[in-house]
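Enquirer: Contents of protein_13.pdb (PDB, C-alpha atoms) are given next:
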```pdb
ATOM      1  CA  HIS A 776     152.187 120.953-169.340
ATOM      2  CA  ASP A 777     155.867 120.835-168.290
ATOM      3  CA  ARG A 778     155.831 124.624-168.035
ATOM      4  CA  ASP A 779     152.738 124.425-165.800
ATOM      5  CA  VAL A 780     154.475 121.939-163.505
ATOM      6  CA  GLY A 781     157.521 124.166-163.348
ATOM      7  CA  ARG A 782     155.443 127.195-162.460
ATOM      8  CA  SER A 783     153.611 125.177-159.778
ATOM      9  CA  SER A 784     156.925 124.192-158.218
ATOM     10  CA  ALA A 785     158.106 127.785-158.267
ATOM     11  CA  PHE A 786     154.874 128.904-156.564
ATOM     12  CA  PHE A 787     155.383 126.406-153.741
ATOM     13  CA  VAL A 788     158.942 127.552-153.152
ATOM     14  CA  ALA A 789     157.919 131.214-153.176
ATOM     15  CA  MET A 790     155.020 130.490-150.821
ATOM     16  CA  TRP A 791     157.223 128.717-148.323
ATOM     17  CA  ARG A 792     159.771 131.509-148.295
ATOM     18  CA  ARG A 793     157.000 133.879-147.239
ATOM     19  CA  LEU A 794     155.915 131.513-144.458
ATOM     20  CA  ALA A 795     159.464 130.641-143.394
ATOM     21  CA  PRO A 796     159.779 133.271-140.643
ATOM     22  CA  ARG A 797     156.921 131.584-138.794
ATOM     23  CA  LEU A 798     157.797 127.987-139.541
ATOM     24  CA  THR A 799     161.553 127.933-140.086
ATOM     25  CA  SER A 800     162.070 124.497-138.581
ATOM     26  CA  THR A 801     160.100 122.816-141.368
ATOM     27  CA  CYS A 802     161.277 124.963-144.276
ATOM     28  CA  GLY A 803     163.449 122.353-145.979
ATOM     29  CA  VAL A 804     160.863 119.624-145.506
ATOM     30  CA  PHE A 805     158.041 121.600-147.059
ATOM     31  CA  GLU A 806     160.119 122.814-150.042
ATOM     32  CA  ASN A 807     161.075 119.222-150.833
ATOM     33  CA  PHE A 808     157.482 118.091-150.429
ATOM     34  CA  ALA A 809     156.103 120.862-152.635
ATOM     35  CA  THR A 810     158.689 120.419-155.380
ATOM     36  CA  LYS A 811     158.235 116.653-155.427
ATOM     37  CA  ALA A 812     154.439 116.955-155.541
ATOM     38  CA  ALA A 813     154.555 119.385-158.461
ATOM     39  CA  ALA A 814     156.949 117.150-160.422
ATOM     40  CA  GLU A 815     154.898 114.019-159.831
ATOM     41  CA  ALA A 816     151.700 115.702-160.997
ATOM     42  CA  ALA A 817     152.892 115.404-164.600
ATOM     43  CA  GLY A 818     152.674 111.617-164.504
ATOM     44  CA  ASP A 819     149.600 111.279-162.335
ATOM     45  CA  VAL A 820     147.024 111.837-165.076
ATOM     46  CA  GLN A 821     148.143 108.779-167.048
ATOM     47  CA  VAL A 822     147.558 106.324-164.183
ATOM     48  CA  ARG A 823     144.653 108.068-162.470
ATOM     49  CA  ALA A 824     141.937 105.739-163.803
ATOM     50  CA  ARG A 825     143.871 102.617-162.824
ATOM     51  CA  ASP A 826     144.660 103.876-159.328
ATOM     52  CA  SER A 827     141.063 104.789-158.554
ATOM     53  CA  HIS A 828     139.972 101.142-158.862
ATOM     54  CA  VAL A 829     142.756  99.500-156.815
ATOM     55  CA  GLY A 830     141.870  98.343-153.318
ATOM     56  CA  ASN A 831     138.740 100.474-153.111
ATOM     57  CA  GLU A 832     136.909  98.476-150.463
ATOM     58  CA  ARG A 833     140.024  97.824-148.373
ATOM     59  CA  ALA A 834     140.885 101.523-148.436
ATOM     60  CA  LYS A 835     137.383 102.454-147.320
ATOM     61  CA  ARG A 836     137.594 100.095-144.328
ATOM     62  CA  ALA A 837     141.000 101.463-143.355
ATOM     63  CA  ARG A 838     139.776 105.054-143.570
ATOM     64  CA  THR A 839     136.774 104.258-141.390
ATOM     65  CA  CYS A 840     139.023 102.720-138.718
ATOM     66  CA  ARG A 841     141.191 105.863-138.522
ATOM     67  CA  LEU A 842     138.456 108.455-138.503
ATOM     68  CA  THR A 843     134.700 108.214-138.983
ATOM     69  CA  VAL A 844     134.271 110.771-141.745
ATOM     70  CA  GLY A 845     132.950 111.163-145.255
ATOM     71  CA  THR A 846     129.705 109.211-144.923
ATOM     72  CA  SER A 847     126.170 110.488-144.678
ATOM     73  CA  ASN A 848     125.508 108.049-141.828
ATOM     74  CA  THR A 849     128.147 109.475-139.488
ATOM     75  CA  THR A 850     126.903 109.137-135.902
ATOM     76  CA  ALA A 851     128.373 110.174-132.583
ATOM     77  CA  PRO A 852     129.419 107.678-129.934
ATOM     78  CA  GLU A 853     126.852 107.009-127.227
ATOM     79  CA  ARG A 854     128.154 109.623-124.794
ATOM     80  CA  THR A 855     129.074 112.309-127.316
ATOM     81  CA  GLN A 856     126.284 114.488-128.619
ATOM     82  CA  LEU A 857     126.795 117.039-131.351
ATOM     83  CA  PRO A 858     125.806 120.537-130.190
ATOM     84  CA  LEU A 859     124.744 121.465-133.703
ATOM     85  CA  LYS A 860     123.603 119.527-136.752
ATOM     86  CA  LEU A 861     125.571 120.420-139.867
ATOM     87  CA  TYR A 862     125.018 119.309-143.435
ATOM     88  CA  GLY A 863     127.048 118.846-146.596
ATOM     89  CA  VAL A 864     130.573 117.512-147.026
ATOM     90  CA  PRO A 865     132.276 120.025-144.671
ATOM     91  CA  GLY A 866     129.636 119.421-142.025
ATOM     92  CA  ARG A 867     130.098 115.647-142.078
ATOM     93  CA  TYR A 868     133.881 115.818-141.751
ATOM     94  CA  ALA A 869     133.745 118.503-139.073
ATOM     95  CA  SER A 870     131.107 116.581-137.100
ATOM     96  CA  ALA A 871     133.128 113.366-137.172
ATOM     97  CA  LEU A 872     136.275 115.193-136.066
ATOM     98  CA  PHE A 873     134.388 116.926-133.265
ATOM     99  CA  VAL A 874     133.130 113.584-131.991
ATOM    100  CA  VAL A 875     136.536 111.895-131.860
ATOM    101  CA  ALA A 876     138.311 115.014-130.543
ATOM    102  CA  SER A 877     135.691 115.436-127.830
ATOM    103  CA  LYS A 878     136.023 111.811-126.804
ATOM    104  CA  ALA A 879     139.818 112.213-126.634
ATOM    105  CA  LYS A 880     139.432 115.523-124.760
ATOM    106  CA  LYS A 881     141.527 117.322-127.384
ATOM    107  CA  LEU A 882     139.081 119.858-128.781
ATOM    108  CA  ASP A 883     141.261 122.854-127.876
ATOM    109  CA  LEU A 884     144.353 121.259-129.394
ATOM    110  CA  VAL A 885     142.598 120.387-132.650
ATOM    111  CA  GLU A 886     141.102 123.881-132.800
ATOM    112  CA  LYS A 887     144.581 125.411-132.587
ATOM    113  CA  GLU A 888     146.013 123.072-135.225
ATOM    114  CA  LEU A 889     143.176 123.666-137.669
ATOM    115  CA  LYS A 890     143.566 127.412-137.216
ATOM    116  CA  THR A 891     147.220 127.154-138.259
ATOM    117  CA  ILE A 892     146.376 125.027-141.294
ATOM    118  CA  ALA A 893     143.578 127.371-142.365
ATOM    119  CA  SER A 894     145.979 130.291-142.076
ATOM    120  CA  MET A 895     148.426 128.544-144.402
ATOM    121  CA  VAL A 896     145.691 127.927-146.962
ATOM    122  CA  GLN A 897     144.547 131.555-146.839
ATOM    123  CA  LYS A 898     148.045 132.980-147.176
ATOM    124  CA  SER A 899     149.172 130.803-150.060
ATOM    125  CA  ALA A 900     147.231 130.467-153.296
ATOM    126  CA  ALA A 901     149.717 127.819-154.423
ATOM    127  CA  PHE A 902     149.100 125.615-151.391
ATOM    128  CA  LYS A 903     145.357 126.106-151.742
ATOM    129  CA  ASP A 904     145.514 125.097-155.409
ATOM    130  CA  TYR A 905     147.528 122.002-154.511
ATOM    131  CA  LEU A 906     144.898 120.840-152.011
ATOM    132  CA  SER A 907     142.173 120.946-154.659
ATOM    133  CA  ASP A 908     144.341 119.846-157.621
ATOM    134  CA  PRO A 909     142.619 116.794-159.209
ATOM    135  CA  THR A 910     145.677 115.872-161.303
ATOM    136  CA  VAL A 911     147.610 114.618-158.258
ATOM    137  CA  LEU A 912     146.795 111.017-157.408
ATOM    138  CA  ARG A 913     144.902 110.658-154.147
ATOM    139  CA  THR A 914     147.332 108.035-152.865
ATOM    140  CA  LYS A 915     150.304 110.331-153.437
ATOM    141  CA  LYS A 916     148.539 113.354-152.035
ATOM    142  CA  SER A 917     147.477 111.514-148.871
ATOM    143  CA  LYS A 918     151.024 110.247-148.364
ATOM    144  CA  GLY A 919     152.476 113.718-148.883
ATOM    145  CA  ILE A 920     149.964 115.317-146.517
ATOM    146  CA  ALA A 921     150.697 112.666-143.871
ATOM    147  CA  GLU A 922     154.428 113.381-144.094
ATOM    148  CA  LEU A 923     153.859 117.125-143.956
ATOM    149  CA  MET A 924     151.588 116.901-140.902
ATOM    150  CA  LYS A 925     154.136 114.668-139.197
ATOM    151  CA  GLU A 926     156.802 117.335-139.660
ATOM    152  CA  PHE A 927     154.417 119.975-138.320
ATOM    153  CA  LYS A 928     153.955 117.695-135.291
ATOM    154  CA  VAL A 929     150.175 117.934-135.284
ATOM    155  CA  SER A 930     148.046 115.452-133.379
ATOM    156  CA  ASP A 931     146.974 112.173-134.954
ATOM    157  CA  LEU A 932     143.394 113.438-134.984
ATOM    158  CA  THR A 933     144.190 116.400-137.231
ATOM    159  CA  LYS A 934     146.594 114.384-139.366
ATOM    160  CA  ASN A 935     144.079 111.568-139.870
ATOM    161  CA  LEU A 936     141.372 114.035-140.850
ATOM    162  CA  LEU A 937     143.490 115.517-143.639
ATOM    163  CA  VAL A 938     144.746 112.124-144.798
ATOM    164  CA  VAL A 939     141.193 110.791-145.048
ATOM    165  CA  MET A 940     140.110 113.921-146.886
ATOM    166  CA  ALA A 941     143.023 113.449-149.297
ATOM    167  CA  GLU A 942     142.079 109.814-149.925
ATOM    168  CA  ASN A 943     138.494 110.853-150.610
ATOM    169  CA  GLY A 944     139.471 113.781-152.824
ATOM    170  CA  ARG A 945     138.028 116.308-150.366
ATOM    171  CA  LEU A 946     141.046 118.467-149.447
ATOM    172  CA  GLY A 947     139.520 121.305-151.452
ATOM    173  CA  HIS A 948     136.976 121.590-148.624
ATOM    174  CA  THR A 949     139.622 122.187-145.966
ATOM    175  CA  GLU A 950     138.693 125.797-145.183
ATOM    176  CA  LYS A 951     134.980 124.965-145.004
ATOM    177  CA  VAL A 952     135.673 122.015-142.712
ATOM    178  CA  VAL A 953     137.603 124.293-140.366
ATOM    179  CA  GLU A 954     134.731 126.799-140.387
ATOM    180  CA  SER A 955     132.209 124.057-139.631
ATOM    181  CA  PHE A 956     134.379 122.686-136.813
ATOM    182  CA  ASN A 957     134.558 126.178-135.298
ATOM    183  CA  GLU A 958     130.770 126.431-135.485
ATOM    184  CA  LEU A 959     130.481 123.210-133.502
ATOM    185  CA  LEU A 960     132.981 124.445-130.938
ATOM    186  CA  MET A 961     131.147 127.733-130.462
ATOM    187  CA  ALA A 962     127.832 125.937-130.077
ATOM    188  CA  SER A 963     129.321 123.562-127.507
ATOM    189  CA  ARG A 964     130.597 126.554-125.521
ATOM    190  CA  GLY A 965     127.305 128.405-125.718
ATOM    191  CA  GLU A 966     128.834 131.049-127.963
ATOM    192  CA  VAL A 967     126.902 132.797-130.714
ATOM    193  CA  LYS A 968     128.702 134.436-133.620
ATOM    194  CA  GLY A 969     127.555 137.902-134.600
ATOM    195  CA  THR A 970     128.638 140.476-137.172
ATOM    196  CA  VAL A 971     127.916 144.183-137.335
ATOM    197  CA  VAL A 972     128.607 146.041-140.579
ATOM    198  CA  SER A 973     128.885 149.822-140.691
ATOM    199  CA  ALA A 974     129.876 152.363-143.340
ATOM    200  CA  ASP A 975     132.537 153.812-141.012
ATOM    201  CA  PRO A 976     134.377 152.289-138.035
ATOM    202  CA  LEU A 977     132.313 152.399-134.845
ATOM    203  CA  THR A 978     133.625 153.972-131.665
ATOM    204  CA  SER A 979     134.065 151.769-128.610
ATOM    205  CA  GLU A 980     130.967 153.325-127.078
ATOM    206  CA  GLN A 981     128.883 152.668-130.185
ATOM    207  CA  MET A 982     130.129 149.079-130.346
ATOM    208  CA  LYS A 983     129.227 148.602-126.692
ATOM    209  CA  ARG A 984     125.677 149.843-127.312
ATOM    210  CA  VAL A 985     125.269 147.574-130.340
ATOM    211  CA  LYS A 986     126.508 144.562-128.371
ATOM    212  CA  THR A 987     124.105 145.326-125.526
ATOM    213  CA  SER A 988     121.189 145.486-127.965
ATOM    214  CA  VAL A 989     122.185 142.353-129.859
ATOM    215  CA  THR A 990     122.603 140.347-126.643
ATOM    216  CA  LYS A 991     118.842 140.628-126.115
ATOM    217  CA  PHE A 992     118.337 138.233-129.047
ATOM    218  CA  LEU A 993     120.351 135.482-127.365
ATOM    219  CA  GLU A 994     119.060 132.609-125.314
ATOM    220  CA  LYS A 995     119.734 132.644-121.599
ATOM    221  CA  GLY A 996     123.291 131.564-120.819
ATOM    222  CA  ALA A 997     124.619 132.186-124.330
ATOM    223  CA  SER A 998     127.576 134.507-124.902
ATOM    224  CA  LEU A 999     128.092 136.733-127.922
ATOM    225  CA  LYS A1000     131.218 136.898-130.068
ATOM    226  CA  LEU A1001     130.639 140.036-132.093
ATOM    227  CA  THR A1002     132.950 141.139-134.896
ATOM    228  CA  GLU A1003     132.903 144.436-136.754
ATOM    229  CA  GLU A1004     133.201 144.945-140.503
ATOM    230  CA  VAL A1005     133.368 148.186-142.462
ATOM    231  CA  ASP A1006     131.617 148.438-145.834
ATOM    232  CA  PRO A1007     131.208 151.952-147.333
ATOM    233  CA  LYS A1008     128.682 150.548-149.826
ATOM    234  CA  ILE A1009     125.934 150.483-147.197
ATOM    235  CA  LEU A1010     126.267 154.332-147.040
ATOM    236  CA  GLY A1011     125.193 154.507-143.397
ATOM    237  CA  GLY A1012     123.262 152.715-140.690
ATOM    238  CA  LEU A1013     124.016 149.143-139.652
ATOM    239  CA  VAL A1014     123.636 145.584-140.884
ATOM    240  CA  VAL A1015     123.600 143.095-138.024
ATOM    241  CA  SER A1016     123.724 139.306-138.254
ATOM    242  CA  VAL A1017     123.396 137.093-135.180
ATOM    243  CA  GLY A1018     123.011 133.362-135.607
ATOM    244  CA  ASP A1019     120.187 132.877-138.095
ATOM    245  CA  LYS A1020     118.899 136.441-137.641
ATOM    246  CA  HIS A1021     119.723 139.215-140.120
ATOM    247  CA  ILE A1022     118.759 142.859-139.554
ATOM    248  CA  ASP A1023     119.434 145.361-142.335
ATOM    249  CA  LEU A1024     119.120 148.956-141.132
ATOM    250  CA  SER A1025     121.454 150.406-143.743
ATOM    251  CA  ILE A1026     120.757 153.547-145.738
ATOM    252  CA  ALA A1027     121.531 151.611-148.921
ATOM    253  CA  SER A1028     118.670 149.160-148.270
ATOM    254  CA  ARG A1029     116.270 152.005-147.480
ATOM    255  CA  ILE A1030     117.138 153.737-150.751
ATOM    256  CA  LYS A1031     116.612 150.483-152.615
ATOM    257  CA  LYS A1032     113.174 150.023-151.048
ATOM    258  CA  LEU A1033     112.239 153.606-151.875
ATOM    259  CA  GLU A1034     113.321 153.153-155.501
ATOM    260  CA  SER A1035     111.226 149.988-155.680
ATOM    261  CA  LEU A1036     108.152 151.795-154.348
ATOM    262  CA  LEU A1037     108.627 154.657-156.784
ATOM    263  CA  SER A1038     108.993 152.333-159.759
ATOM    264  CA  GLU A1039     105.805 150.484-158.765
ATOM    265  CA  ALA A1040     103.945 153.782-158.502
ATOM    266  CA  VAL A1041     104.984 154.773-162.015
TER     267      VAL A1041
END
```
Represent the structure from my file as structure tokens, please.
Expert:
Amino acid sequence: HDRDVGRSSAFFVAMWRRLAPRLTSTCGVFENFATKAAAEAAGDVQVRARDSHVGNERAKRARTCRLTVGTSNTTAPERTQLPLKLYGVPGRYASALFVVASKAKKLDLVEKELKTIASMVQKSAAFKDYLSDPTVLRTKKSKGIAELMKEFKVSDLTKNLLVVMAENGRLGHTEKVVESFNELLMASRGEVKGTVVSADPLTSEQMKRVKTSVTKFLEKGASLKLTEEVDPKILGGLVVSVGDKHIDLSIASRIKKLESLLSEAV
């Protein structure tokens, strides 16, 4: 176990050195935080059961006061209406954050901060593992996350979200929460996310034609945010997804259908 803790600490240090060019001002802070967290993990398991029963109700009330998240009965304030109804753990946290950020008129700021945090999670497997590591006590993890967010100088809204998620053992959902929050933002702006997959990169003219065709599926006033992906496995043709619509015009799917018809005939 000691070797595992040592390796975890080394991963954090290596991760931060890769991120240092972008976030040099917080380099020392994060290395200390990461090393301390990895060292403390060794002793967390022994007191985990005791800690989980201490001040449960008081902690729940405090978390609710800071940010209305983590409950299935989350509702928006009277004048704030969610543009989209989301479900599951990520949806509840994202919806609650959207409500309070909208009320504070800080949606753009929170969007930017969450994008930075999501980028950190994606670029560092060690940091991602730490967020979902069940061997670190929730109280210690929430305190560490609060200190880290303070050094990053993020808004109280973003900091409180992550602290509450840490206290509830939900930091492993961070990326999904960010995705859900972005869905709410796009819906509030009348934006619809679309994806077009092709076997080879499309030319600008081809992309323009695809976008023109796909726009016909949108409601009046909605704008399309279309992204392109390349997947040689589809062999040719296109696979288009817009909102809840999915259109598969790939050669691969046609071959599969033909094989199915032939097998039924035999």
Enquirer: Would you mind reading off the distance between atom CA of Thr1002 of chain A and atom CA of Val972 of chain A, one decimal, in Å?
Expert: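 Separation of atom CA of Thr1002 of chain A and atom CA of Val972 of chain A: 8.7 Å.
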Enquirer: How would you write, as an mmCIF file with C-alpha atoms, in the frame of the given file, the residues chosen by the PyMOL selection byres ((chain A and resi 996) around 12) on this structure?
Expert:
```
data_model
loop_
_atom_site.group_PDB
_atom_site.id
_atom_site.type_symbol
_atom_site.label_atom_id
_atom_site.label_comp_id
_atom_site.auth_asym_id
_atom_site.auth_seq_id
_atom_site.Cartn_x
_atom_site.Cartn_y
_atom_site.Cartn_z
ATOM 1 C CA ALA A 962 127.832 125.937 -130.077
ATOM 2 C CA ARG A 964 130.597 126.554 -125.521
ATOM 3 C CA GLY A 965 127.305 128.405 -125.718
ATOM 4 C CA GLU A 966 128.834 131.049 -127.963
ATOM 5 C CA VAL A 967 126.902 132.797 -130.714
ATOM 6 C CA THR A 990 122.603 140.347 -126.643
ATOM 7 C CA LYS A 991 118.842 140.628 -126.115
ATOM 8 C CA PHE A 992 118.337 138.233 -129.047
ATOM 9 C CA LEU A 993 120.351 135.482 -127.365
ATOM 10 C CA GLU A 994 119.060 132.609 -125.314
ATOM 11 C CA LYS A 995 119.734 132.644 -121.599
ATOM 12 C CA ALA A 997 124.619 132.186 -124.330
ATOM 13 C CA SER A 998 127.576 134.507 -124.902
ATOM 14 C CA LEU A 999 128.092 136.733 -127.922
#
```
Enquirer: State, in Å with one decimal place, the distance from atom CA of Thr978 of chain A to atom CA of Ile1026 of chain A.
Expert: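 Atom-to-atom, atom CA of Thr978 of chain A to atom CA of Ile1026 of chain A, that is 19.1 Å.
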Enquirer: Leaving out Ile920 of chain A and any residue of its chain fewer than 3 positions from it, which residues lie within 9 Å of it when counting only C-alpha atoms, given as an NGL selection string?
Expert: :A and (808 or 915-917 or 923-925 or 934 or 937-938 or 941)
Enquirer: Please write as a VMD selection string the list of polymer residues whose atoms come within 9 Å of (135.6, 122.5, -137.3), counting all atoms listed in the file and keeping to the coordinates of the file.
Expert: chain A and resid 865 to 866 868 to 870 872 to 873 885 to 886 889 951 to 960
Enquirer: My list of candidates is A:Lys1032, A:Arg984, A:Lys903, A:Lys860. Which is closest to His948 of chain A when distances are computed with only C-alpha atoms?
Expert: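 Checking each of A:Lys1032, A:Arg984, A:Lys903, A:Lys860 against His948 of chain A, counting only C-alpha atoms, the winner is A:Lys903.
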Enquirer: Could you please determine the separation between atom CA of Gly1011 of chain A and atom CA of Pro976 of chain A in Å, to one decimal place?
Expert: 10.9 Å
Enquirer: Around the point (137.2, 113.4, -156.4) (coordinates from the file), which residues reach within 10 Å if we count only C-alpha atoms? Answer as a list in words.
Expert: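 So the residues meeting the distance criterion are Ser827, Ser907, Asp908, Pro909, Leu912, Arg913, Met940, Ala941, Glu942, Asn943, Gly944, Arg945, Leu946 and Gly947 of chain A.
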Enquirer: Given the file shown, determine the residues that the PyMOL selection byres ((chain A and resi 1005) around 10) selects; report them as a list of chain:residue names.
Expert: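 Written out, the selection comes to A:Val971, A:Val972, A:Ser973, A:Ala974, A:Asp975, A:Pro976, A:Leu977, A:Glu1003, A:Glu1004, A:Asp1006, A:Pro1007, A:Lys1008, A:Ile1009, A:Leu1013.
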Enquirer: Could you tell me which residues the PyMOL selection byres ((chain A and resi 1024) around 7) grabs in this file, written as a list in words?
Expert: Gly1012, Leu1013, Val1014, Ile1022, Asp1023, Ser1025 and Ile1026 of chain A
Enquirer: What's the 12 Å shell around Ala879 of chain A, counting all atoms listed in the file, without same-chain residues fewer than 3 positions away, as a PyMOL selection string?
Expert: chain A and resi 852+855+872-876+882-885+930-932
Enquirer: For a quick check of understanding, using only C-alpha atoms, which of A:Leu1036, A:Leu859, A:Ala871, A:Ala893 has the smallest distance to Val939 of chain A?
Expert: A:Ala871
Enquirer: From the list A:Ser1038, A:Asp904, A:Asn935, A:Ile892, which residue is nearest Lys918 of chain A when using only C-alpha atoms?
Expert: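 Checking each of A:Ser1038, A:Asp904, A:Asn935, A:Ile892 against Lys918 of chain A, counting only C-alpha atoms, the winner is A:Asn935.
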